[in-house]
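Here's final_4.cif, which has mmCIF, C-alpha atoms and all ligand atoms:
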```cif
data_target
loop_
_atom_site.label_atom_id
_atom_site.label_comp_id
_atom_site.auth_asym_id
_atom_site.auth_seq_id
_atom_site.Cartn_x
_atom_site.Cartn_y
_atom_site.Cartn_z
CA MET A 1 0.00 0.00 0.00
CA ASN A 2 3.09 2.27 0.18
CA GLU A 3 4.09 2.27 -3.47
CA THR A 4 3.71 5.71 -5.07
CA ILE A 5 1.75 5.47 -8.32
CA LEU A 6 1.03 9.10 -9.23
CA SER A 7 3.32 11.95 -8.28
CA TYR A 8 3.10 15.72 -8.81
CA ASP A 9 6.33 17.42 -7.83
CA SER A 10 6.23 21.26 -7.59
CA VAL A 11 3.97 21.46 -10.64
CA THR A 12 2.99 24.83 -12.10
CA LYS A 13 0.88 25.35 -15.21
CA ARG A 14 0.46 28.80 -16.70
CA PHE A 15 -1.90 29.76 -19.51
CA GLY A 16 -0.48 33.13 -20.56
CA THR A 17 -0.71 35.33 -17.47
CA LEU A 18 -3.08 32.93 -15.65
CA THR A 19 -1.52 30.44 -13.24
CA ALA A 20 -4.00 27.54 -13.32
CA VAL A 21 -1.82 25.23 -11.17
CA ASP A 22 0.56 26.87 -8.73
CA ASN A 23 3.48 24.83 -7.32
CA VAL A 24 1.39 21.75 -6.50
CA SER A 25 2.96 18.66 -4.95
CA PHE A 26 1.14 15.50 -3.96
CA SER A 27 1.21 11.79 -4.57
CA VAL A 28 -1.23 8.91 -4.77
CA LYS A 29 -0.22 5.50 -3.49
CA LYS A 30 -1.18 2.12 -4.88
CA GLY A 31 -4.79 1.27 -4.04
CA GLU A 32 -5.61 4.76 -2.74
CA CYS A 33 -8.65 6.76 -3.80
CA VAL A 34 -7.82 10.48 -3.78
CA ALA A 35 -10.16 13.38 -4.59
CA LEU A 36 -9.27 16.72 -6.12
CA LEU A 37 -11.75 19.26 -4.75
CA GLY A 38 -12.11 22.94 -5.44
CA PRO A 39 -14.45 25.59 -6.80
CA ASN A 40 -15.01 26.03 -10.55
CA GLY A 41 -11.76 27.05 -12.21
CA ALA A 42 -9.61 25.82 -9.28
CA GLY A 43 -7.35 23.78 -11.58
CA LYS A 44 -8.67 20.23 -11.05
CA THR A 45 -9.14 19.34 -14.72
CA THR A 46 -5.80 20.94 -15.58
CA LEU A 47 -4.10 18.64 -13.03
CA VAL A 48 -5.76 15.64 -14.69
CA ARG A 49 -4.86 16.85 -18.17
CA LEU A 50 -1.21 17.17 -17.11
CA LEU A 51 -1.25 13.55 -16.03
CA LEU A 52 -2.59 12.47 -19.41
CA ASP A 53 -0.14 14.72 -21.32
CA PHE A 54 -3.04 16.65 -22.87
CA THR A 55 -1.21 19.73 -21.64
CA ARG A 56 2.34 20.15 -20.33
CA ALA A 57 3.61 21.65 -17.09
CA SER A 58 5.33 25.05 -17.18
CA ASP A 59 7.43 23.87 -14.22
CA GLY A 60 7.81 20.73 -12.14
CA ALA A 61 7.27 17.08 -12.95
CA VAL A 62 4.32 14.68 -13.14
CA THR A 63 5.15 10.98 -13.02
CA ILE A 64 3.16 7.76 -13.24
CA ASN A 65 4.87 4.73 -11.71
CA GLY A 66 8.05 6.81 -11.79
CA VAL A 67 7.80 7.45 -15.55
CA PRO A 68 7.31 11.08 -16.72
CA SER A 69 3.72 11.66 -17.88
CA THR A 70 5.13 13.01 -21.16
CA ASN A 71 6.31 9.46 -21.99
CA PRO A 72 3.47 7.46 -23.66
CA ARG A 73 4.60 4.37 -21.71
CA ALA A 74 3.50 6.14 -18.52
CA ARG A 75 -0.15 5.99 -19.57
CA GLU A 76 -0.35 2.30 -20.45
CA SER A 77 -2.17 1.37 -17.26
CA ILE A 78 -4.55 4.34 -17.04
CA GLY A 79 -8.30 4.42 -17.62
CA TYR A 80 -9.79 7.89 -18.05
CA LEU A 81 -13.34 9.20 -17.79
CA PRO A 82 -13.36 12.79 -19.11
CA GLU A 83 -15.47 15.67 -17.84
CA ASN A 84 -18.74 15.96 -19.86
CA VAL A 85 -18.08 12.79 -21.83
CA ARG A 86 -20.05 12.34 -25.08
CA ILE A 87 -20.87 8.84 -26.28
CA PRO A 88 -22.22 8.00 -29.76
CA ALA A 89 -26.03 7.67 -29.66
CA HIS A 90 -26.34 5.26 -32.58
CA LEU A 91 -24.17 2.47 -31.13
CA THR A 92 -25.34 -0.15 -28.66
CA CYS A 93 -23.54 -0.44 -25.33
CA TYR A 94 -21.68 -3.53 -26.51
CA ARG A 95 -20.73 -2.13 -29.94
CA TYR A 96 -19.42 1.05 -28.33
CA LEU A 97 -17.22 -0.88 -25.92
CA MET A 98 -15.99 -3.13 -28.75
CA ARG A 99 -15.01 0.02 -30.63
CA CYS A 100 -13.14 1.31 -27.56
CA ALA A 101 -11.41 -2.08 -27.24
CA ARG A 102 -10.30 -1.92 -30.88
CA LEU A 103 -8.94 1.63 -30.44
CA LEU A 104 -6.98 0.45 -27.39
CA GLY A 105 -5.43 -2.35 -29.44
CA ILE A 106 -7.02 -5.17 -27.44
CA PRO A 107 -6.62 -8.37 -29.54
CA PRO A 108 -9.94 -9.16 -31.33
CA LYS A 109 -10.04 -12.63 -29.75
CA ASP A 110 -9.95 -11.08 -26.24
CA ALA A 111 -12.22 -8.08 -26.85
CA PRO A 112 -15.69 -9.71 -26.47
CA ALA A 113 -14.79 -11.23 -23.08
CA ARG A 114 -13.30 -7.91 -21.89
CA CYS A 115 -16.39 -5.99 -22.98
CA HIS A 116 -18.74 -8.45 -21.27
CA ALA A 117 -16.63 -8.29 -18.11
CA VAL A 118 -16.73 -4.49 -17.87
CA ILE A 119 -20.46 -4.43 -18.70
CA GLU A 120 -20.93 -6.72 -15.72
CA ASN A 121 -18.59 -4.57 -13.56
CA VAL A 122 -20.77 -1.51 -14.11
CA GLY A 123 -24.03 -3.41 -13.50
CA MET A 124 -25.24 -3.29 -17.11
CA LYS A 125 -25.53 -7.04 -17.80
CA GLY A 126 -28.59 -7.63 -19.98
CA LYS A 127 -28.34 -4.10 -21.49
CA GLU A 128 -25.67 -5.00 -24.08
CA ASN A 129 -27.92 -4.30 -27.06
CA VAL A 130 -29.51 -1.10 -25.80
CA PRO A 131 -28.64 1.84 -28.11
CA LEU A 132 -26.72 4.49 -26.18
CA GLY A 133 -29.10 7.16 -27.47
CA THR A 134 -31.94 5.57 -25.47
CA CYS A 135 -29.94 5.17 -22.23
CA SER A 136 -30.68 7.30 -19.19
CA LYS A 137 -27.90 9.68 -18.15
CA GLY A 138 -26.99 7.29 -15.31
CA MET A 139 -26.74 4.32 -17.68
CA ALA A 140 -24.74 6.34 -20.20
CA GLN A 141 -22.30 7.39 -17.46
CA ARG A 142 -21.88 3.78 -16.36
CA ILE A 143 -21.06 2.82 -19.95
CA ALA A 144 -18.57 5.70 -20.14
CA LEU A 145 -17.01 4.30 -16.98
CA ALA A 146 -16.99 0.83 -18.59
CA ALA A 147 -15.11 2.36 -21.54
CA ALA A 148 -12.50 3.68 -19.09
CA LEU A 149 -12.15 0.15 -17.70
CA VAL A 150 -12.04 -1.83 -20.94
CA GLY A 151 -8.24 -1.64 -21.22
CA ASP A 152 -7.96 -3.31 -17.78
CA PRO A 153 -6.21 -0.31 -16.17
CA HIS A 154 -4.58 -0.25 -12.73
CA ILE A 155 -5.19 3.47 -12.35
CA LEU A 156 -8.51 5.20 -12.91
CA ILE A 157 -8.78 8.95 -13.51
CA LEU A 158 -12.32 10.28 -13.22
CA ASP A 159 -13.24 13.90 -13.94
CA GLU A 160 -16.57 14.52 -12.20
CA PRO A 161 -18.00 11.00 -12.63
CA THR A 162 -21.34 11.87 -11.02
CA SER A 163 -21.93 15.21 -12.72
CA GLY A 164 -25.60 15.64 -13.65
CA LEU A 165 -26.72 12.31 -12.18
CA ASP A 166 -29.72 11.81 -9.90
CA PRO A 167 -29.28 10.31 -6.41
CA ILE A 168 -29.78 6.77 -7.74
CA GLY A 169 -27.19 7.30 -10.47
CA ILE A 170 -24.78 8.82 -7.95
CA ARG A 171 -25.17 5.84 -5.66
CA GLU A 172 -24.66 3.40 -8.58
CA ILE A 173 -21.36 5.07 -9.45
CA ARG A 174 -20.32 4.99 -5.79
CA VAL A 175 -21.05 1.25 -5.55
CA ILE A 176 -18.94 0.63 -8.68
CA LEU A 177 -16.06 2.72 -7.31
CA GLU A 178 -16.21 0.87 -4.00
CA SER A 179 -16.02 -2.48 -5.78
CA LEU A 180 -13.08 -1.28 -7.92
CA LYS A 181 -11.33 -0.04 -4.79
CA ALA A 182 -11.86 -3.40 -3.14
CA LYS A 183 -10.04 -4.98 -6.10
CA GLY A 184 -7.04 -2.67 -5.54
CA MET A 185 -7.68 0.01 -8.17
CA THR A 186 -5.82 3.31 -7.65
CA ILE A 187 -8.27 6.17 -8.24
CA LEU A 188 -7.86 9.92 -8.71
CA LEU A 189 -11.15 11.76 -9.04
CA ASN A 190 -12.39 15.32 -9.40
CA SER A 191 -15.69 16.05 -7.78
CA HIS A 192 -17.99 18.72 -6.42
CA LEU A 193 -20.02 16.10 -4.55
CA LEU A 194 -18.36 16.34 -1.18
CA SER A 195 -20.68 13.93 0.62
CA GLU A 196 -19.80 11.23 -1.95
CA VAL A 197 -16.09 11.97 -1.65
CA GLU A 198 -16.37 11.62 2.10
CA LYS A 199 -17.88 8.14 1.64
CA VAL A 200 -15.54 6.76 -1.04
CA CYS A 201 -12.16 8.49 -0.88
CA ASP A 202 -9.21 7.88 1.43
CA ALA A 203 -7.69 11.33 1.01
CA ALA A 204 -8.42 14.70 -0.61
CA LEU A 205 -6.79 17.89 -1.80
CA ILE A 206 -8.72 21.12 -1.63
CA ILE A 207 -7.45 23.49 -4.31
CA ASP A 208 -8.33 27.10 -5.02
CA ARG A 209 -6.99 29.17 -7.92
CA GLY A 210 -4.26 26.61 -8.48
CA LYS A 211 -3.01 26.49 -4.89
CA VAL A 212 -3.38 23.55 -2.51
CA LEU A 213 -5.21 24.65 0.63
CA VAL A 214 -5.32 21.23 2.28
CA LYS A 215 -4.05 17.74 1.50
CA ASP A 216 -4.72 15.01 3.99
CA THR A 217 -6.70 11.89 4.68
CA ILE A 218 -10.47 12.35 4.83
CA ALA A 219 -10.35 11.25 8.47
CA ALA A 220 -7.84 14.01 9.28
CA ILE A 221 -9.76 16.69 7.34
CA VAL A 222 -13.18 15.76 8.72
CA LYS A 223 -12.94 16.11 12.48
CA ASP A 224 -14.29 18.13 15.38
CA GLY A 225 -17.84 17.67 14.06
CA GLU A 226 -17.09 19.43 10.75
CA SER A 227 -18.17 17.78 7.48
CA LEU A 228 -15.99 17.93 4.36
CA GLU A 229 -18.40 20.56 3.04
CA ASP A 230 -17.90 22.67 6.20
CA VAL A 231 -14.10 22.51 5.79
CA PHE A 232 -14.32 23.26 2.06
CA VAL A 233 -16.56 26.30 2.53
CA ARG A 234 -14.50 27.59 5.46
CA LEU A 235 -11.17 27.37 3.61
CA VAL A 236 -12.36 28.65 0.23
CA THR A 237 -14.40 31.56 1.60
CA ALA A 238 -11.50 32.53 3.90
CA ARG A 239 -9.37 32.98 0.78
CA THR A 240 -11.95 34.89 -1.25
CA GLY A 241 -13.24 36.93 1.67
CA ALA A 242 -16.80 35.82 0.80
CA SER A 243 -19.24 34.65 3.46
CA ILE A 244 -22.12 32.19 3.33
N1 LIG B 301 -6.47 25.59 -22.41
C1 LIG B 301 -6.64 26.63 -21.57
N2 LIG B 301 -6.30 27.89 -21.95
C2 LIG B 301 -6.44 28.93 -21.10
N3 LIG B 301 -6.93 28.83 -19.85
C3 LIG B 301 -7.29 27.61 -19.42
C4 LIG B 301 -7.17 26.45 -20.26
N4 LIG B 301 -7.61 25.36 -19.55
C5 LIG B 301 -7.99 25.83 -18.35
N5 LIG B 301 -7.80 27.16 -18.27
C6 LIG B 301 -8.07 28.01 -17.10
O1 LIG B 301 -7.39 27.42 -16.00
C7 LIG B 301 -8.16 27.54 -14.81
C8 LIG B 301 -8.40 26.17 -14.23
O2 LIG B 301 -9.30 25.47 -15.08
P1 LIG B 301 -9.75 23.96 -14.81
O3 LIG B 301 -10.58 23.54 -15.97
O4 LIG B 301 -8.55 23.16 -14.49
O5 LIG B 301 -10.64 24.14 -13.50
P2 LIG B 301 -11.55 23.05 -12.73
O6 LIG B 301 -11.09 23.07 -11.32
O7 LIG B 301 -11.52 21.77 -13.45
O8 LIG B 301 -12.99 23.73 -12.80
P3 LIG B 301 -14.45 23.05 -12.90
O9 LIG B 301 -14.83 22.69 -11.51
O10 LIG B 301 -15.29 24.16 -13.44
O11 LIG B 301 -14.38 21.88 -13.83
C9 LIG B 301 -9.45 28.28 -15.21
O12 LIG B 301 -9.27 29.65 -14.91
C10 LIG B 301 -9.54 28.04 -16.70
O13 LIG B 301 -10.23 29.08 -17.33
MG MG B 302 -12.96 20.61 -14.33
#
```

Represent the supplied structure as structure tokens.
Amino acid sequence: MNETILSYDSVTKRFGTLTAVDNVSFSVKKGECVALLGPNGAGKTTLVRLLLDFTRASDGAVTINGVPSTNPRARESIGYLPENVRIPAHLTCYRYLMRCARLLGIPPKDAPARCHAVIENVGMKGKENVPLGTCSKGMAQRIALAAALVGDPHILILDEPTSGLDPIGIREIRVILESLKAKGMTILLNSHLLSEVEKVCDAALIIDRGKVLVKDTIAAIVKDGESLEDVFVRLVTARTGASI
């Protein structure tokens, strides 16, 4: 449980004059589930995009299993669920996952079994032939999560996996994440749903305007009768001078 899987070392990302990520350091150990929390524009998605080499750090280093994130080899064991994912309406759940499997280079002889396995993992057994265009938002999100799992990753990066879902959909995603955690998956997730984070994650970072305000275990952050939401609001409003 002590092996470092993801590491951000003094990472800064500037977009012109804007510093989206400001000297951030943290790491995620094998089997940990860590949340990136922060108000809109805090820099959460930018941190994820740095990991996936969709954008590059202005300063500092991001590594995956000790390999720089700029090296394609670093991303071999990562599954990624983007923010506001769009899935093709005309494909069935199974066909979509088969397409993802092909894009990932999974051998054709192995792909059907992999797709059936991830469909089962996300609780969609029996829904293989449902066209994605007729799926509820919760079902569509579970299939998007299945697509992130089809390459059999060891690390899962989720950018707001419960965004726009109803309480049932949110719970379904939580149950899936708990079962993945139980199997040893390392998870980094962005979320605004603090009550869910409190239930699922081991640790969290609270970020505001690129700066880390807190990084600790959930147990250490949530104490003295304060919820994660209380701590979040207290720290973020203290910085902005706002009051609620
Ligand atoms: N490609 C880009 N070019 C210029 N500015 C960018 C770019 N990507 C992000 N930013 C800016 O960087 C800051 C951080 O954005 P980011 O998307 O990482 O925030 P976030 O924490 O994910 O927010 P949200 O909760 O709304 O998803 C914002 O001010 C955003 O406008
Ligand atoms: Mg974001």

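Among the candidates A:Val85, A:Ala111, A:Ala238, A:Ile207, the one nearest to ligand LIG 301 (chain B) when counting all atoms listed in the file is A:Ile207.
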
Where does chain A meet ligand MG 302 (chain B) within 10 Å, residue by residue, with the nearest atom pair and distance in Å to one decimal for each, counting all atoms listed in the file, listed by chain and rising number, as JSON lines?
```
{"residue": "A:Leu36", "atom": "CA", "partner": "B:MG302", "partner_atom": "MG", "distance": 9.8}
{"residue": "A:Leu37", "atom": "CA", "partner": "B:MG302", "partner_atom": "MG", "distance": 9.8}
{"residue": "A:Gly38", "atom": "CA", "partner": "B:MG302", "partner_atom": "MG", "distance": 9.2}
{"residue": "A:Pro39", "atom": "CA", "partner": "B:MG302", "partner_atom": "MG", "distance": 9.1}
{"residue": "A:Asn40", "atom": "CA", "partner": "B:MG302", "partner_atom": "MG", "distance": 6.9}
{"residue": "A:Gly41", "atom": "CA", "partner": "B:MG302", "partner_atom": "MG", "distance": 6.9}
{"residue": "A:Ala42", "atom": "CA", "partner": "B:MG302", "partner_atom": "MG", "distance": 8.0}
{"residue": "A:Gly43", "atom": "CA", "partner": "B:MG302", "partner_atom": "MG", "distance": 7.0}
{"residue": "A:Lys44", "atom": "CA", "partner": "B:MG302", "partner_atom": "MG", "distance": 5.4}
{"residue": "A:Thr45", "atom": "CA", "partner": "B:MG302", "partner_atom": "MG", "distance": 4.0}
{"residue": "A:Thr46", "atom": "CA", "partner": "B:MG302", "partner_atom": "MG", "distance": 7.3}
{"residue": "A:Leu47", "atom": "CA", "partner": "B:MG302", "partner_atom": "MG", "distance": 9.2}
{"residue": "A:Val48", "atom": "CA", "partner": "B:MG302", "partner_atom": "MG", "distance": 8.8}
{"residue": "A:Arg49", "atom": "CA", "partner": "B:MG302", "partner_atom": "MG", "distance": 9.7}
{"residue": "A:Pro82", "atom": "CA", "partner": "B:MG302", "partner_atom": "MG", "distance": 9.2}
{"residue": "A:Glu83", "atom": "CA", "partner": "B:MG302", "partner_atom": "MG", "distance": 6.6}
{"residue": "A:Asn84", "atom": "CA", "partner": "B:MG302", "partner_atom": "MG", "distance": 9.3}
{"residue": "A:Asp159", "atom": "CA", "partner": "B:MG302", "partner_atom": "MG", "distance": 6.7}
{"residue": "A:Glu160", "atom": "CA", "partner": "B:MG302", "partner_atom": "MG", "distance": 7.4}
{"residue": "A:Asn190", "atom": "CA", "partner": "B:MG302", "partner_atom": "MG", "distance": 7.3}
{"residue": "A:Ser191", "atom": "CA", "partner": "B:MG302", "partner_atom": "MG", "distance": 8.4}
{"residue": "A:His192", "atom": "CA", "partner": "B:MG302", "partner_atom": "MG", "distance": 9.6}
```

Among the residues A:Leu228, A:Val212, A:Ile119, A:Cys93, the one that comes closest to Thr12 (chain A) [using only C-alpha atoms]: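 When distances to Thr12 (chain A) are compared using only C-alpha atoms, the smallest one comes from A:Val212.
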
Need to verify the contact set: Pro153 (chain A), 9 Å, only C-alpha atoms, exclusion of same-chain residues closer than 4 positions in sequence. Can you return it as a ChimeraX atom specification? /A:76-79,148-149,185

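With distances taken over all atoms listed in the file, A:Ser179 is the one residue among A:Asn23, A:Thr217, A:Asn65, A:Ser179 lying closest to Gly123 (chain A).
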
A:Ile187, A:Cys201, A:Ile173, A:Leu6 ranked by distance to Asp216 (chain A), top pick (using only C-alpha atoms):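 The answer is A:Cys201, which sits nearest to Asp216 (chain A).
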
Draw an axis-aligned box over all listed atoms of region 154-173 of chain A, pad each side with 3 Å, and write its centre and edge lengths in Å, one decimal, as AutoDock Vina command-line options.
```
--center_x -17.2 --center_y 7.7 --center_z -9.8 --size_x 31.2 --size_y 21.9 --size_z 14.3
```

Pick the closest to ligand LIG 301 (chain B) from A:Val130, A:Ala35, A:Ala74, A:Ala144: which is it, counting all atoms listed in the file?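 When distances to ligand LIG 301 (chain B) are compared using all atoms listed in the file, the smallest one comes from A:Ala35.
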
Hey, which of A:Leu103, A:Leu189, A:Val28, A:Ala203 ends up closest to ligand LIG 301 (chain B)? Count all atoms listed in the file. A:Leu189

Name all residues at most 10 Å from Leu177 (chain A) (count only C-alpha atoms; drop same-chain ones fewer than 4 positions away) and give them as a PyMOL selection string. chain A and resi 33+121-122+145+156+171-173+181-183+185+187+200-201

Quick one: residues within 8 Å of Asp9 (chain A), only C-alpha atoms, excluding same-chain residues fewer than 6 positions away - as a list in words? Asn23, Val24, Ser25, Phe26, Gly60, Ala61 and Val62 of chain A

Provide the atom N3 of ligand LIG 301 (chain B) to CA of Ser195 (chain A) distance in Å, to one decimal place. 28.8 Å

Selection: 7 Å around Ala20 (chain A), all atoms listed in the file, excl. self and same-chain fewer than 5 positions, as a PyMOL selection string: chain A and resi 13-15+43+209-210

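Relative to CA of Leu132 (chain A), CA of Pro88 (chain A) is found at 6.7 Å.
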
Could you work out how far CA of Asp53 (chain A) lies from atom C2 of ligand LIG 301 (chain B), giving the answer in Å with one decimal?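 Taking atom C2 of ligand LIG 301 (chain B) and CA of Asp53 (chain A), their separation equals 15.5 Å.
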